[in-house]
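Step one of this worksheet: look at the structure below.
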Amino acid sequence: MVNNIIKYLSSLRCTLAVIISLSTMFLLSFILPQKDLLKKQDYLQMKGGSPIFFRIMETLGLTDVYTSPVTLALWALFFLNLALVMRQRVPLVLKRIECSPASIEDPRTASSYPVRLTVPLAKGRSDTVQEVLTRAGYRFYGAADRFYAVKNRLSPLATILFHLSFFLILLAGVVTTYTKFVGYLEMGIGESFHGELSRYKGSPRMPKVGRPPVAGFALEKVQPHVDQNVATGLEVVVRDDRGGIHIADINRPYKAGATSFLVNDLGVAPLVVIVDEGGRDLDGAYVKLYVMKGKKDRFRMLGYDIEARYFSDHLVVNGVDETKSDAFSNPAMRLEVSKNGAVIAARTLKAGESLELDGNRLVLREMPFWVRFLVVKQHGDWIAYAGFIIATLALCWRLLLYRREIVGTVEQTVAGAMLHLACRCEFYRTSSGQELDRISELLKGSRAG
Amino acid sequence: MSFYESIFFWLALTIYALASGGFCYAVVFKNEKVLGKLVALITAGLFVHTAAIAARYAAQGHLPWSSNYDNGLMGGWFIVLSTIYVCIRHKPIRIVGIATLPAVLLIMGYGVMRNPVLSPLDATLKSFWLYFHVFFAWLSFGAYVLAMGVGVLYLLREKKERAGEVVEFYQRFGSNDSLDDLMFRYLVFGFITNAVMIVAGAIWAKDLWGSYWSWDPIETWSLISWLMYGLAIHLRVTMGWRGSRFAWLMIGALLTVIINFFGVSLIMKSTVHVFRMS
């Protein structure tokens, strides 16, 4: 019974079944609502619409297909199958790359060699065959009159290497999962960060092994670039603790050891100051606002409730504030100030302008940006890179530099010495004929020489 | 679309449409004589097509790598280039254009109906790895389309043979073994370049999204596609799938690529592969 299970688990049928099952699970992720792909409120709304369906799906983990117990079990089965297949294949592959006298077969009768060729051999030139085959990249075994030659002898090893690379990628996956730290950090210009966990927005995902990032730097500059309403760049300049300047951008994170600070989002952090009639500052702060793309945001200052809207390229159409484009060429902010539930003042301000309140004045001193970093720290990247590289190289080695074998004998006939050759190539039937034609041409050339 | 690009684009499309009709004619009327002229025609089309790409590059300052139209333009170019390569390298199967050119028409037609507007390169796409990723994607998809094309030829020829007819026209495609090998060669080439595409994409994703793999729908579908072609290699090498069974497999497996290319972004709204900064 156990042997039968192991036999099945190490079979290609099992491999096919697992790959098809995994693919089916992935396909399900396109059909069934997935928590990761939907906004929380959309998901909850859908769930409210059909609670029983969702209860079943959630129980089976199908609303999170990639981490569902079924998928994880299939992945476990995939790697178990791979390990068992490898255990079975490794001795076979090692045996295959060995060359023994048994490899030397008679080309006229060797049934596993699909293509045969007989060519006359000039008298006393039997050594030429070895020379030609060696020059063509073959390793020659046996004697000049009865031989076995092989090219790319070690190619089957690439099969092992390719499948082993999957284990490296698995290892990288496990290492990164356990060491991964993910957090969002919002910083305005002039602010610094020294690894304080309290600075992260929400609760960062802590690593199961290892510590959170300890990098320290200050944000010096944030400069978005927009061209024809397309965000073409978001230049972020940071100064590390040792005074080094680093420029980050979308696609170009600031890296400190194993930690990457990815430029993730942008906002406006205006310096809002409330001054009294005498011009004395009563309160003021850089306020990080979420007002991009027409969103409204609110903040409180000195008992005032302030609603803000942002216009990156401001213009007024029929008395209404609008944005001409997404470029940050003429920024303005609409502020509506309420006190005790009643609106007391509203005006669209540019940097340096102010708004009269009930005896006080709100000044919009400047409108710099804040930036959100996606902070990711993980180990195991190089294991993944190694896995990727080995897999790709092994594929090239196995499928492009495939093994070619030639057996030959020299027969003495009345007409003179005849060289019988037979060839077999892995994967491609027509290659055997082409290879023998090539060798035959080389032999002719050699004779002519 | 810029003015010159528009002229070159439509001219290239017209040439490909004419050539598609020519290939149909060659197959239906078993006329092999026109094939040489058709290859010359699509070569001329490729030059015009290249001019369209150059005009777009000149107008927007970057190669067309990003939008559906860009993909159609570049993808079509790669497939036509591969077809011409096959026509020169494997003369007996020059007729492969019957399968690949309609695919080019579809891809380019779909692209031009979507978003041919000129635009600067989005910040998310400004990565060295993008070039690797997209270049290898097209090499791979081109190879898969050719594998499918050779599969179609194999089936056409085999159908006649099964009916006991020996049609000289089909005989010129080469032996069944050579067609079968060729399908596998394109599959192998596609599979390797597909692997490089996935790896380049994963490395790019690490700097863009912070993770090599996010189980994004397009990522997932490209994995499915790669696994399917990997399965096809296993079926052939280990279980001996050859001939018509393998040809059908090449035709069927291409569906996964088509779905990845067109389908996922139509169905899924939440893919991170839609490159826009909010």
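Following the order of the structure tokens, chains are lettered A, B, ..., residues in each are numbered from 1, and ligands are numbered from 1.
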Point to revise | Within 6 Å of Pro116 (chain B) using only C-alpha atoms, minus same-chain residues under 4 positions, as number ranges by chain | key: B: 1, 69, 112
Keeping C-alpha atoms for every residue in the selection just given, could you write it to a file as a tab-separated table (two decimals), in the first residue's frame?
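Ended up saving to out.tsv:
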```tsv
chain	number	residue	atom	x	y	z
B	1	MET	CA	-0.57	58.24	-33.28
B	69	TYR	CA	-1.50	49.45	-28.95
B	112	VAL	CA	-5.28	50.23	-32.72
```
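Interface residues on chain A toward chain B (cut-off 7 Å, only C-alpha atoms): Ser23, Phe26, Leu37, Asp227, Val230, Ala231, Thr232, Gly233, Ile250, Asn251, Arg252, Pro253, Leu262, Val376, Phe388, Thr392, Leu395, Cys396, Leu399, Phe427, Tyr428, Arg429 and Thr430 of chain A.
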Taking C-alpha atoms for each residue, export the selection above as a PDB file, in the first residue's frame.
```pdb
ATOM      1  CA  SER A  23      -3.356  25.588 -12.595  1.00  0.00           C
ATOM      2  CA  PHE A  26      -5.000  29.588 -10.019  1.00  0.00           C
ATOM      3  CA  LEU A  37      -7.579  41.808  -5.217  1.00  0.00           C
ATOM      4  CA  ASP A 227       4.230  65.238 -18.635  1.00  0.00           C
ATOM      5  CA  VAL A 230       1.361  61.072 -17.291  1.00  0.00           C
ATOM      6  CA  ALA A 231       3.344  60.696 -14.079  1.00  0.00           C
ATOM      7  CA  THR A 232       6.824  60.289 -15.487  1.00  0.00           C
ATOM      8  CA  GLY A 233       8.782  60.372 -12.268  1.00  0.00           C
ATOM      9  CA  ILE A 250       9.489  54.888  -8.805  1.00  0.00           C
ATOM     10  CA  ASN A 251      11.316  51.715  -9.844  1.00  0.00           C
ATOM     11  CA  ARG A 252      14.458  52.914  -8.051  1.00  0.00           C
ATOM     12  CA  PRO A 253      14.061  52.350  -4.321  1.00  0.00           C
ATOM     13  CA  LEU A 262      10.056  52.024  -2.347  1.00  0.00           C
ATOM     14  CA  VAL A 376      10.288  46.056   2.681  1.00  0.00           C
ATOM     15  CA  PHE A 388      16.212  31.819 -11.369  1.00  0.00           C
ATOM     16  CA  THR A 392      17.350  29.363 -16.987  1.00  0.00           C
ATOM     17  CA  LEU A 395      16.999  24.872 -19.493  1.00  0.00           C
ATOM     18  CA  CYS A 396      19.417  26.185 -22.125  1.00  0.00           C
ATOM     19  CA  LEU A 399      17.324  21.683 -24.426  1.00  0.00           C
ATOM     20  CA  PHE A 427      14.581  15.226 -28.494  1.00  0.00           C
ATOM     21  CA  TYR A 428      14.873  15.780 -32.245  1.00  0.00           C
ATOM     22  CA  ARG A 429      14.497  12.953 -34.731  1.00  0.00           C
ATOM     23  CA  THR A 430      15.801  14.852 -37.719  1.00  0.00           C
TER      24      THR A 430
END
```
Check your understanding: Quick one: of A:Ala215, A:Leu315, A:Val129, A:Val320, who's nearest to Lys255 (chain A), counting only C-alpha atoms?
Key ->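 Closest residue, counting only C-alpha atoms: A:Ala215.
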Practice item. Using DSSP on the backbone coordinates, identify the residues of region 142-361 of chain A assigned to helix (DSSP H, G or I); present them as JSON, numbers by chain. Key: {"A": [157, 158, 159, 160, 161, 162, 163, 164, 165, 166, 167, 168, 169, 170, 171, 172, 173, 174, 175, 176, 177, 178, 179, 197, 198, 199, 292, 293, 294]}
